[in-house]
$ cat coords_3.cif   # mmCIF, C-alpha atoms
data_protein
#
loop_
_atom_site.label_atom_id
_atom_site.label_comp_id
_atom_site.auth_asym_id
_atom_site.auth_seq_id
_atom_site.Cartn_x
_atom_site.Cartn_y
_atom_site.Cartn_z
CA MET U 197 112.83 98.13 128.97
CA ALA U 198 116.14 97.07 127.44
CA VAL U 199 117.62 93.62 127.89
CA LEU U 200 120.45 94.22 130.35
CA ARG U 201 123.43 92.03 131.14
CA LEU U 202 126.94 92.25 132.49
CA GLY U 203 128.63 95.16 130.65
CA SER U 204 125.45 97.10 129.83
CA VAL U 205 125.93 100.84 130.44
CA ASP U 206 123.36 103.62 130.56
CA GLN U 207 123.64 106.37 127.95
CA GLY U 208 126.51 108.70 128.82
CA LYS U 209 127.90 106.46 131.58
CA LEU U 210 130.56 104.59 129.60
CA PRO U 211 133.85 104.78 131.55
CA SER U 212 136.64 106.64 129.77
CA ASP U 213 139.22 104.04 130.80
CA LYS U 214 137.89 100.47 130.78
CA ARG U 215 141.04 98.96 132.23
CA ALA U 216 141.10 101.39 135.16
CA PHE U 217 137.44 100.62 135.86
CA LEU U 218 138.03 96.85 135.86
CA GLU U 219 141.37 96.86 137.69
CA PRO U 220 139.94 96.62 141.25
CA TYR U 221 137.99 93.50 140.21
CA HIS U 222 140.64 91.91 137.96
CA LYS U 223 143.85 92.65 139.88
CA SER U 224 144.44 88.97 140.71
CA MET U 225 143.98 87.79 137.11
CA VAL U 226 147.00 87.04 134.91
CA SER U 227 148.10 89.90 132.64
CA ASN U 228 146.66 88.56 129.36
CA LEU U 229 143.19 88.30 130.93
CA LYS U 230 143.42 91.78 132.42
CA SER U 231 144.31 93.17 129.00
CA LYS U 232 141.04 91.91 127.53
CA ASN U 233 139.35 94.92 129.20
CA LYS U 234 136.10 92.98 129.36
CA PHE U 235 133.89 91.63 132.11
CA ARG U 236 134.20 87.92 132.86
CA ASP U 237 130.63 86.63 132.72
CA GLU U 238 131.60 83.50 134.61
CA GLY U 239 127.97 82.64 135.30
CA ASN U 240 127.36 82.20 131.58
CA ASN U 241 130.94 81.25 130.58
CA LEU U 242 131.51 84.33 128.38
CA TRP U 243 133.53 87.58 128.24
CA ARG U 244 131.48 90.73 127.70
CA ASP U 245 132.55 94.18 126.56
CA PHE U 246 130.98 97.41 127.78
CA GLU U 247 127.87 98.15 125.73
CA GLU U 248 125.99 101.44 125.92
CA VAL U 249 122.19 101.21 125.90
CA ASN U 250 119.63 103.97 125.44
CA GLY U 251 118.11 105.62 128.48
CA ASN U 252 118.81 104.84 132.15
CA ASP U 253 117.38 101.33 132.59
CA VAL U 254 120.52 100.08 134.37
CA LYS U 255 120.14 102.75 137.04
CA LYS U 256 116.42 101.94 137.39
CA LEU U 257 117.23 98.26 137.91
CA GLN U 258 119.96 99.08 140.45
CA GLU U 259 117.59 101.32 142.41
CA PHE U 260 114.96 98.56 142.45
CA LEU U 261 117.49 95.98 143.68
CA LYS U 262 118.63 98.37 146.42
CA VAL U 263 115.09 99.17 147.62
CA LYS U 264 114.16 95.47 147.66
CA GLY U 265 117.24 94.50 149.64
CA PHE U 266 119.17 92.48 147.07
CA PHE U 267 121.91 95.06 146.53
CA PRO U 268 122.05 97.29 149.61
CA ASN U 269 125.48 98.74 148.79
CA THR U 270 124.81 99.88 145.22
CA GLN U 271 125.59 103.46 144.25
CA ALA U 272 123.28 103.18 141.19
CA SER U 273 126.11 104.07 138.81
CA GLY U 274 124.31 103.10 135.60
CA ILE U 275 126.98 100.47 134.89
CA PHE U 276 125.85 96.83 135.00
CA GLY U 277 128.90 95.39 136.74
CA TYR U 278 129.59 92.32 138.84
CA GLY U 279 127.52 93.57 141.77
CA THR U 280 124.47 94.29 139.63
CA GLN U 281 124.77 90.89 137.98
CA ALA U 282 124.96 89.17 141.37
CA ALA U 283 121.98 91.12 142.74
CA THR U 284 119.92 90.46 139.60
CA ARG U 285 120.68 86.77 139.90
CA LEU U 286 119.70 86.78 143.60
CA PHE U 287 116.40 88.44 142.71
CA GLN U 288 115.76 85.89 139.97
CA GLU U 289 116.69 83.06 142.34
CA TYR U 290 114.33 84.42 145.00
CA VAL U 291 111.43 84.70 142.55
CA TYR U 292 112.14 81.28 141.02
CA SER U 293 112.82 79.30 144.20
CA ILE U 294 111.27 81.13 147.15
CA GLU U 295 108.16 82.47 145.42
CA GLY U 296 107.97 79.49 143.05
CA GLU U 297 107.39 81.80 140.07
CA LYS U 298 109.34 79.79 137.51
CA SER U 299 108.13 81.97 134.67
CA ILE U 300 111.10 84.24 135.39
CA GLY U 301 113.34 81.55 133.91
CA THR U 302 116.86 80.43 134.84
CA PRO U 303 118.60 82.70 137.37
CA ASP U 304 121.30 83.82 134.94
CA GLY U 305 121.85 87.48 135.85
CA ILE U 306 120.40 88.74 132.56
CA ALA U 307 117.49 91.16 132.95
CA GLY U 308 115.23 90.31 130.01
CA THR U 309 111.48 90.67 129.44
CA LYS U 310 110.45 88.12 132.09
CA THR U 311 112.71 89.63 134.74
CA TRP U 312 111.35 93.11 134.05
CA GLU U 313 107.79 91.76 134.35
CA HIS U 314 108.57 90.51 137.85
CA VAL U 315 110.34 93.77 138.72
CA GLN U 316 107.11 95.55 137.78
CA ARG U 317 104.99 93.05 139.74
CA TRP U 318 107.10 93.55 142.87
CA THR U 319 106.85 97.32 142.43
CA ASP U 320 103.09 97.41 141.77
CA GLN U 321 102.20 94.95 144.53
CA ASN U 322 104.87 96.16 146.97
CA VAL U 323 106.21 92.61 147.34
CA THR U 324 108.65 92.22 150.23
CA ASN U 325 111.94 90.35 150.29
CA GLU U 326 111.68 88.34 153.52
CA TRP U 327 115.47 88.38 153.88
CA THR U 328 115.35 92.12 154.64
CA LYS U 329 113.72 91.40 158.00
CA PHE U 330 117.16 90.46 159.30
CA THR U 331 120.46 92.33 159.54
CA SER U 332 123.71 91.89 161.43
CA ASN U 333 122.13 94.03 164.16
CA ASN U 334 118.83 92.12 164.05
CA PRO U 335 119.81 88.54 163.18
CA SER U 336 117.56 85.52 162.87
CA SER U 337 117.40 83.08 165.79
CA GLU U 338 119.11 80.48 163.58
CA TYR U 339 121.98 82.92 162.97
CA ASN U 340 122.35 83.59 166.70
CA GLU U 341 122.50 79.87 167.41
CA TRP U 342 125.29 79.27 164.90
CA LEU U 343 127.29 82.28 166.03
CA ALA U 344 127.00 81.01 169.60
CA VAL U 345 128.36 77.63 168.46
CA LEU U 346 131.37 79.34 166.89
CA GLN U 347 132.00 81.42 169.99
CA ALA U 348 131.72 78.27 172.12
CA ALA U 349 134.22 76.54 169.82
CA LYS U 350 136.74 79.33 170.40
CA THR U 351 136.28 79.15 174.17
CA TYR U 352 136.60 75.36 174.15
CA TYR U 353 139.66 75.07 171.91
CA VAL U 354 141.58 77.87 173.61
CA LYS U 355 141.38 75.72 176.74
CA HIS U 356 141.51 72.29 175.09
CA PRO U 357 143.50 72.52 171.82
CA ASN U 358 143.82 69.28 169.89
CA ASP U 359 147.03 68.17 168.17
CA ILE U 360 146.20 70.12 165.00
CA LEU U 361 145.47 73.38 166.80
CA LYS U 362 148.58 73.03 168.96
CA GLN U 363 150.65 72.94 165.78
CA VAL U 364 148.81 75.97 164.38
CA SER U 365 149.44 77.92 167.59
CA ALA U 366 153.12 76.99 167.49
CA PHE U 367 153.57 78.05 163.84
CA ASN U 368 155.92 81.05 163.75
CA GLY U 369 155.50 82.26 160.17
CA LYS U 370 152.83 84.43 158.60
CA SER U 371 149.71 82.77 157.25
CA ASP U 372 145.97 83.26 156.78
CA THR U 373 145.33 80.50 159.35
CA TYR U 374 144.66 81.65 162.91
CA ALA U 375 145.32 80.13 166.33
CA PRO U 376 142.18 79.66 168.50
CA LYS U 377 142.96 82.68 170.69
CA ASP U 378 142.76 84.87 167.56
CA TRP U 379 139.59 83.41 166.05
CA HIS U 380 137.27 86.19 164.96
CA PHE U 381 133.45 85.98 165.16
CA ASN U 382 132.12 89.52 164.71
CA ALA U 383 128.46 89.57 163.67
CA ASN U 384 129.18 92.36 161.16
CA ASP U 385 131.45 90.04 159.19
CA THR U 386 130.67 87.12 156.91
CA HIS U 387 131.40 83.65 158.25
CA LEU U 388 131.50 80.30 156.49
CA LEU U 389 131.59 77.12 158.56
CA GLY U 390 132.84 73.85 157.05
CA LEU U 391 131.94 70.55 158.73
CA ARG U 392 134.30 67.76 157.71
CA ARG U 393 133.39 64.07 157.71
CA ASN U 394 135.76 61.10 157.72
CA PRO U 395 139.01 62.64 156.42
CA GLN U 396 140.87 59.72 158.05
CA GLU U 397 139.26 57.19 155.69
CA GLY U 398 141.35 56.32 152.63
CA VAL U 399 139.22 57.07 149.55
CA ARG U 400 140.65 57.75 146.10
CA ASN U 401 137.41 59.14 144.62
CA ARG U 402 136.14 61.04 147.64
CA GLU U 403 132.47 62.08 147.61
CA ASN U 404 130.92 65.48 148.24
CA ASP U 405 129.72 64.55 151.73
CA ASP U 406 130.55 67.59 153.88
CA LEU U 407 128.44 70.53 155.03
CA PHE U 408 128.94 74.32 154.71
CA VAL U 409 127.00 76.95 156.67
CA LEU U 410 127.11 80.58 155.50
CA LEU U 411 126.35 83.27 158.10
CA ILE U 412 125.78 86.63 156.39
CA LYS U 413 123.78 89.76 157.25
CA GLY U 414 121.93 87.98 160.04
CA LEU U 415 120.89 85.11 157.73
CA VAL U 416 121.87 81.45 157.42
CA PHE U 417 122.29 79.50 154.15
CA THR U 418 123.41 75.86 154.09
CA PHE U 419 125.36 74.18 151.27
CA TRP U 420 127.17 70.88 150.74
CA GLY U 421 130.32 69.69 149.02
CA SER U 422 133.73 68.53 150.19
CA THR U 423 136.38 69.84 152.56
CA ASP U 424 138.82 67.09 151.51
CA PRO U 425 140.62 66.30 148.26
CA SER U 426 139.77 63.55 145.84
CA ALA U 427 143.09 61.91 144.97
CA ALA U 428 141.89 61.39 141.40
CA MET U 429 141.59 65.19 141.02
CA ALA U 430 144.81 66.03 142.86
CA ASP U 431 146.99 64.17 140.35
CA ARG U 432 149.69 63.71 142.99
CA ASN U 433 150.32 61.28 145.83
CA ASP U 434 150.60 63.82 148.64
CA GLU U 435 147.33 65.70 148.24
CA ALA U 436 146.64 68.64 150.58
CA PHE U 437 144.20 68.71 153.51
CA LEU U 438 143.35 72.15 154.88
CA VAL U 439 144.01 72.31 158.62
CA GLU U 440 141.04 72.63 160.95
CA GLY U 441 140.48 76.02 162.54
CA GLN U 442 139.83 79.52 161.23
CA HIS U 443 141.18 81.01 158.00
CA LYS U 444 140.90 84.44 156.39
CA TYR U 445 139.59 84.44 152.80
CA ARG U 446 138.57 87.04 150.23
CA LEU U 447 136.39 87.00 147.10
CA SER U 448 138.60 86.65 144.03
CA TRP U 449 138.88 84.11 141.17
CA HIS U 450 139.51 80.41 140.55
CA LYS U 451 141.30 79.05 137.45
CA LYS U 452 143.00 82.46 137.22
CA SER U 453 145.04 81.72 134.12
CA SER U 454 142.29 80.04 132.09
CA GLU U 455 140.34 82.27 129.71
CA GLU U 456 137.66 79.61 129.30
CA LYS U 457 137.25 78.55 132.93
CA ILE U 458 138.01 81.45 135.28
CA TYR U 459 135.20 82.27 137.72
CA LYS U 460 134.60 83.91 141.11
CA ALA U 461 135.87 82.01 144.15
CA LEU U 462 137.20 82.61 147.64
CA ASN U 463 141.02 82.73 147.89
CA PRO U 464 143.31 82.82 150.94
CA TYR U 465 143.50 86.48 151.88
CA SER U 466 147.20 87.23 151.48
CA THR U 467 149.98 84.78 152.39
CA GLY U 468 148.14 81.44 152.19
CA VAL U 469 146.65 78.89 154.57
CA LEU U 470 148.25 76.01 156.47
CA ILE U 471 147.79 72.43 155.32
CA PHE U 472 148.79 68.87 156.06
CA ARG U 473 149.85 66.58 153.23
CA ASP U 474 149.01 62.92 152.75
CA GLN U 475 152.63 61.95 153.17
CA ASP U 476 152.05 58.19 153.34
CA SER U 477 149.92 58.17 150.15
CA ASP U 478 146.87 56.45 151.63
CA ASN U 479 144.39 59.11 150.38
CA ALA U 480 143.51 60.12 153.94
CA LEU U 481 144.42 62.53 156.71
CA THR U 482 145.74 60.27 159.48
CA ASP U 483 147.66 60.62 162.74
CA SER U 484 150.77 59.65 160.81
CA ASP U 485 150.35 62.73 158.56
CA LEU U 486 149.72 64.99 161.56
CA LYS U 487 152.93 63.82 163.23
CA LYS U 488 154.92 64.81 160.15
CA GLY U 489 153.84 68.40 160.65
CA LEU U 490 152.29 71.36 158.89
CA SER U 491 152.99 72.50 155.38
CA GLY U 492 152.45 75.94 153.93
CA PRO U 493 151.39 78.64 153.77
CA ASN U 494 149.61 77.55 150.59
CA SER U 495 147.88 80.22 148.49
CA SER U 496 146.08 77.79 146.16
CA ILE U 497 143.55 76.28 148.61
CA ASN U 498 140.49 78.09 147.28
CA ILE U 499 136.78 77.71 148.03
CA HIS U 500 135.08 77.01 144.71
CA TRP U 501 132.45 75.13 142.70
CA SER U 502 132.14 71.30 142.62
CA GLY U 503 129.83 70.86 139.66
CA VAL U 504 126.37 69.62 140.43
CA GLY U 505 127.82 67.45 143.20
CA ARG U 506 128.23 64.13 141.36
CA SER U 507 132.01 64.39 141.38
CA ASN U 508 134.39 65.99 143.86
CA PHE U 509 136.27 68.75 141.99
CA SER U 510 138.74 69.24 144.87
CA ALA U 511 142.49 68.73 144.62
CA GLY U 512 142.76 70.21 148.12
CA CYS U 513 140.33 73.11 147.90
CA GLN U 514 137.01 73.43 149.72
CA VAL U 515 134.29 72.83 147.12
CA ILE U 516 130.55 73.61 146.96
CA ALA U 517 127.99 71.52 145.05
CA GLY U 518 125.54 73.35 142.78
CA LYS U 519 122.56 71.00 143.03
CA SER U 520 120.82 72.38 146.12
CA TYR U 521 120.96 74.53 149.22
CA ILE U 522 118.88 75.36 152.29
CA GLY U 523 117.84 78.99 152.63
CA PRO U 524 116.68 80.98 155.65
CA GLY U 525 113.69 79.42 157.36
CA GLU U 526 114.74 75.90 156.32
CA ASN U 527 113.66 76.38 152.70
CA LEU U 528 115.11 73.40 150.80
CA ILE U 529 115.93 74.65 147.30
CA ASP U 530 116.41 72.33 144.32
CA CYS U 531 118.62 73.87 141.62
CA SER U 532 118.72 70.70 139.49
CA GLU U 533 116.77 72.18 136.57
CA TYR U 534 119.46 74.74 135.82
CA ALA U 535 122.59 73.55 137.68
CA ALA U 536 125.48 72.53 135.42
CA VAL U 537 127.16 69.16 135.87
CA SER U 538 130.44 70.51 134.50
CA TYR U 539 131.98 73.32 132.47
CA THR U 540 130.42 72.05 129.24
CA ASP U 541 126.92 72.63 130.59
CA LEU U 542 127.74 76.30 131.19
CA SER U 543 127.78 76.77 127.44
CA ASN U 544 124.35 75.13 127.20
CA GLY U 545 122.36 77.65 129.22
CA LYS U 546 122.93 76.19 132.68
CA THR U 547 124.63 77.88 135.64
CA ARG U 548 126.62 76.95 138.73
CA GLY U 549 123.35 76.78 140.64
CA ALA U 550 123.66 76.87 144.42
CA TYR U 551 127.31 77.89 144.17
CA ASN U 552 126.23 81.11 142.42
CA VAL U 553 123.93 81.82 145.36
CA LEU U 554 126.85 81.63 147.78
CA SER U 555 129.16 83.86 145.74
CA ASP U 556 126.36 86.33 144.92
CA LEU U 557 125.45 86.67 148.59
CA VAL U 558 129.06 87.55 149.41
CA VAL U 559 129.21 90.09 146.57
CA CYS U 560 125.94 91.77 147.56
CA TYR U 561 125.77 91.42 151.34
CA ASN U 562 129.33 91.89 152.57
CA GLN U 563 129.55 95.28 154.24
CA LEU U 564 130.86 98.03 151.97
CA GLY U 565 134.65 98.04 151.91
CA ASN U 566 134.91 94.62 153.59
CA ASP U 567 136.08 91.87 151.23
CA THR U 568 136.73 89.25 153.94
CA VAL U 569 135.04 85.90 154.53
CA TRP U 570 136.14 84.12 157.72
CA TYR U 571 136.19 80.39 157.09
CA THR U 572 136.15 78.03 160.09
CA LEU U 573 136.69 74.33 159.45
CA GLY U 574 135.85 71.65 162.00
CA ARG U 575 134.86 68.00 162.11
CA GLU U 576 131.39 66.52 162.42
CA GLN U 577 132.10 65.20 165.90
CA ASN U 578 133.31 68.67 167.02
CA LEU U 579 129.71 69.91 167.05
CA ASN U 580 128.63 67.37 169.63
CA GLU U 581 131.85 67.91 171.54
CA ILE U 582 131.12 71.64 171.83
CA ASP U 583 127.32 71.58 172.04
CA ASN U 584 125.51 68.33 172.87
CA ARG U 585 122.28 69.61 171.30
CA PHE U 586 123.71 68.42 167.97
CA PRO U 587 123.21 64.69 167.31
CA LEU U 588 126.31 62.78 166.26
CA ASP U 589 125.01 62.31 162.72
CA TYR U 590 123.83 65.91 162.24
CA THR U 591 126.16 66.64 159.32
CA ARG U 592 125.54 63.32 157.60
CA ASP U 593 121.78 63.75 157.81
CA ARG U 594 121.85 67.35 156.54
CA VAL U 595 124.02 66.38 153.58
CA LYS U 596 121.72 63.46 152.79
CA LYS U 597 118.74 65.81 152.86
CA LEU U 598 120.45 68.15 150.41
CA GLN U 599 121.52 65.34 148.11
CA THR U 600 118.12 63.60 147.99
CA LEU U 601 115.90 66.68 148.50
CA LYS U 602 113.59 64.87 150.89
#

$ encode --input "coords_3.cif" --output "structure tokens"
Amino acid sequence: MAVLRLGSVDQGKLPSDKRAFLEPYHKSMVSNLKSKNKFRDEGNNLWRDFEEVNGNDVKKLQEFLKVKGFFPNTQASGIFGYGTQAATRLFQEYVYSIEGEKSIGTPDGIAGTKTWEHVQRWTDQNVTNEWTKFTSNNPSSEYNEWLAVLQAAKTYYVKHPNDILKQVSAFNGKSDTYAPKDWHFNANDTHLLGLRRNPQEGVRNRENDDLFVLLIKGLVFTFWGSTDPSAAMADRNDEAFLVEGQHKYRLSWHKKSSEEKIYKALNPYSTGVLIFRDQDSDNALTDSDLKKGLSGPNSSINIHWSGVGRSNFSAGCQVIAGKSYIGPGENLIDCSEYAAVSYTDLSNGKTRGAYNVLSDLVVCYNQLGNDTVWYTLGREQNLNEIDNRFPLDYTRDRVKKLQTLK
């Protein structure tokens, strides 16, 4: 079998117009990056051209990934594009972390000899991907519990809006931020929940101490990072704090104008999201800031990578640490062996670790034709306020577990 990577194309399947093929994926990039007519291999910090390979190994790999539930939407085109890379990386991650078969090597989205060996093993032994037991129509019990929490939050805050949500409801302009009455929790969609801790505390170098819960295709994955800016990263005195509530996002790119740094991220869907600014320069979101009112819509509040988690990469965005995550069934996954601390590490064979898992899941498991991720941001104490089954320190303890892996 050939070594396959982003840009590999089966014999006779090379698109006649590279730019037209890439346009749906690159439409938000700046013009000079679009004109490269190459794939952005953001997982390995490279740009790759289309490269024809003998035979139909790409199609064979795509069919395997579809049958095994890693790439349910593939059309098996014979072109190793972004979806095939994401599904390959999910398969590698599953083998490496869930099965514990580290011989497959770093989950990098490149199908080399070791990956093909495990493809053959799964085929010969009819190995099953446990994630395929669940769908949006047959979700896990954990998924049902979280979706119930979100539905309860809508019911509660429609009746009892806090000062933030009252301002959101009163906002007359267009934005990607929704009032509680319009919050959307359809099980067929992808939902990301952010749980914010201590935004009112003035901290210049804010830590990655918040929790993120991804609900997708009936499954639950838990990540950590920060929902608040680190003033040191913001490089301004009035850093942005995303308002609490629900926001509409889509999979796109972060660092859109940087040839060396651009990578997949979630962006506000169209007009931008609503924010508050730290208008008294105390590196916190306080009642004083709330009284001064909303700002926005802001189209630059993305959901992106935060390195391995040592430093908070946020200047106002929602950021995900790459060190670890919790998979379905409470599997605590340590990505430390291959998770990059920063951009430099990406050139040294490491990846974005757990962050790649999140973005790859969205690429592979969002329903065909649906590019939306609904992001709902709340505070740690909101959980107990809505559902008293959650202890007051639930978020803190989950983040600590992810940080220390104990």

$ closest_residue --input "coords_3.cif" --among "U:Ile497, U:His443, U:Leu210, U:Asp385" --to "Thr331 of chain U" --atoms "only C-alpha atoms"
U:Asp385

$ closest_residue --input "coords_3.cif" --among "U:Trp318, U:Trp420, U:Phe367, U:Trp449" --to "Lys596 of chain U" --atoms "all atoms listed in the file"
U:Trp420

$ closest_residue --input "coords_3.cif" --among "U:Lys362, U:Lys298, U:Lys214, U:Arg592" --to "Glu440 of chain U" --atoms "all atoms listed in the file"
U:Lys362

$ closest_residue --input "coords_3.cif" --among "U:Val504, U:Leu202, U:Cys513, U:Leu343" --to "Ala461 of chain U" --atoms "all atoms listed in the file"
U:Cys513

$ resolve_selection --input "coords_3.cif" --expression "the PyMOL selection byres ((chain U and resi 568) around 12)" --output "number ranges by chain"
U: 372, 380, 382, 384-388, 412, 443-448, 462-466, 558-559, 561-567, 569-571

$ resolve_selection --input "coords_3.cif" --expression "the PyMOL selection byres ((chain U and resi 529) around 10)" --output "PyMOL selection string"
chain U and resi 289+292-294+519-523+526-528+530-532+550+598+601

$ residues_around --input "coords_3.cif" --residues "segment 246-250 of chain U" --least-positions-apart "6" --cutoff "12 Å" --atoms "only C-alpha atoms" --output "short mmCIF file (atom, residue, chain, number, x, y, z; two decimals) with C-alpha atoms, in the frame of the given file"
data_model
loop_
_atom_site.label_atom_id
_atom_site.label_comp_id
_atom_site.auth_asym_id
_atom_site.auth_seq_id
_atom_site.Cartn_x
_atom_site.Cartn_y
_atom_site.Cartn_z
CA MET U 197 112.83 98.13 128.97
CA ALA U 198 116.14 97.07 127.44
CA VAL U 199 117.62 93.62 127.89
CA LEU U 200 120.45 94.22 130.35
CA ARG U 201 123.43 92.03 131.14
CA LEU U 202 126.94 92.25 132.49
CA GLY U 203 128.63 95.16 130.65
CA SER U 204 125.45 97.10 129.83
CA VAL U 205 125.93 100.84 130.44
CA ASP U 206 123.36 103.62 130.56
CA GLN U 207 123.64 106.37 127.95
CA GLY U 208 126.51 108.70 128.82
CA LYS U 209 127.90 106.46 131.58
CA LEU U 210 130.56 104.59 129.60
CA PRO U 211 133.85 104.78 131.55
CA SER U 212 136.64 106.64 129.77
CA ASP U 213 139.22 104.04 130.80
CA LYS U 214 137.89 100.47 130.78
CA ARG U 215 141.04 98.96 132.23
CA PHE U 217 137.44 100.62 135.86
CA LEU U 218 138.03 96.85 135.86
CA LYS U 232 141.04 91.91 127.53
CA ASN U 233 139.35 94.92 129.20
CA LYS U 234 136.10 92.98 129.36
CA PHE U 235 133.89 91.63 132.11
CA ARG U 236 134.20 87.92 132.86
CA ASP U 237 130.63 86.63 132.72
CA GLY U 274 124.31 103.10 135.60
CA ILE U 275 126.98 100.47 134.89
CA PHE U 276 125.85 96.83 135.00
CA GLY U 277 128.90 95.39 136.74
#

$ resolve_selection --input "coords_3.cif" --expression "the PyMOL selection byres ((chain U and resi 428) around 10)" --output "ChimeraX atom specification"
/U:399-402,425-427,429-433,435,479,508-511

$ closest_residue --input "coords_3.cif" --among "U:Phe260, U:Tyr352, U:Tyr339, U:Tyr278" --to "Pro220 of chain U" --atoms "only C-alpha atoms"
U:Tyr278

$ build_atoms --input "coords_3.cif" --residues "segment 369-387 of chain U" --atoms "N, CA and C atoms" --output "tab-separated table (two decimals), in the frame of the given file"
chain	number	residue	atom	x	y	z
U	369	GLY	N	155.55	81.43	161.37
U	369	GLY	CA	155.50	82.26	160.17
U	369	GLY	C	154.17	82.97	160.00
U	370	LYS	N	154.08	83.76	158.94
U	370	LYS	CA	152.83	84.43	158.60
U	370	LYS	C	151.95	83.50	157.79
U	371	SER	N	150.65	83.55	158.05
U	371	SER	CA	149.71	82.77	157.25
U	371	SER	C	148.32	83.35	157.43
U	372	ASP	N	147.37	82.86	156.65
U	372	ASP	CA	145.97	83.26	156.78
U	372	ASP	C	145.20	82.28	157.67
U	373	THR	N	145.92	81.44	158.39
U	373	THR	CA	145.33	80.50	159.35
U	373	THR	C	145.60	81.02	160.76
U	374	TYR	N	144.58	81.01	161.60
U	374	TYR	CA	144.66	81.65	162.91
U	374	TYR	C	144.62	80.64	164.05
U	375	ALA	N	145.37	80.93	165.10
U	375	ALA	CA	145.32	80.13	166.33
U	375	ALA	C	144.00	80.42	167.05
U	376	PRO	N	143.49	79.48	167.84
U	376	PRO	CA	142.18	79.66	168.50
U	376	PRO	C	142.03	80.97	169.26
U	377	LYS	N	143.08	81.44	169.91
U	377	LYS	CA	142.96	82.68	170.69
U	377	LYS	C	142.67	83.89	169.80
U	378	ASP	N	142.96	83.76	168.49
U	378	ASP	CA	142.76	84.87	167.56
U	378	ASP	C	141.54	84.67	166.65
U	379	TRP	N	140.77	83.62	166.88
U	379	TRP	CA	139.59	83.41	166.05
U	379	TRP	C	138.65	84.60	166.19
U	380	HIS	N	137.99	84.93	165.09
U	380	HIS	CA	137.27	86.19	164.96
U	380	HIS	C	135.82	85.89	164.58
U	381	PHE	N	134.86	86.27	165.44
U	381	PHE	CA	133.45	85.98	165.16
U	381	PHE	C	132.57	87.22	165.37
U	382	ASN	N	132.91	88.30	164.67
U	382	ASN	CA	132.12	89.52	164.71
U	382	ASN	C	130.87	89.37	163.86
U	383	ALA	N	129.72	89.74	164.39
U	383	ALA	CA	128.46	89.57	163.67
U	383	ALA	C	128.37	90.46	162.43
U	384	ASN	N	129.19	91.50	162.35
U	384	ASN	CA	129.18	92.36	161.16
U	384	ASN	C	129.94	91.75	159.99
U	385	ASP	N	130.67	90.68	160.25
U	385	ASP	CA	131.45	90.04	159.19
U	385	ASP	C	130.70	88.84	158.63
U	386	THR	N	131.22	88.32	157.53
U	386	THR	CA	130.67	87.12	156.91
U	386	THR	C	131.47	85.91	157.36
U	387	HIS	N	130.76	84.87	157.76
U	387	HIS	CA	131.40	83.65	158.25
U	387	HIS	C	130.90	82.44	157.46
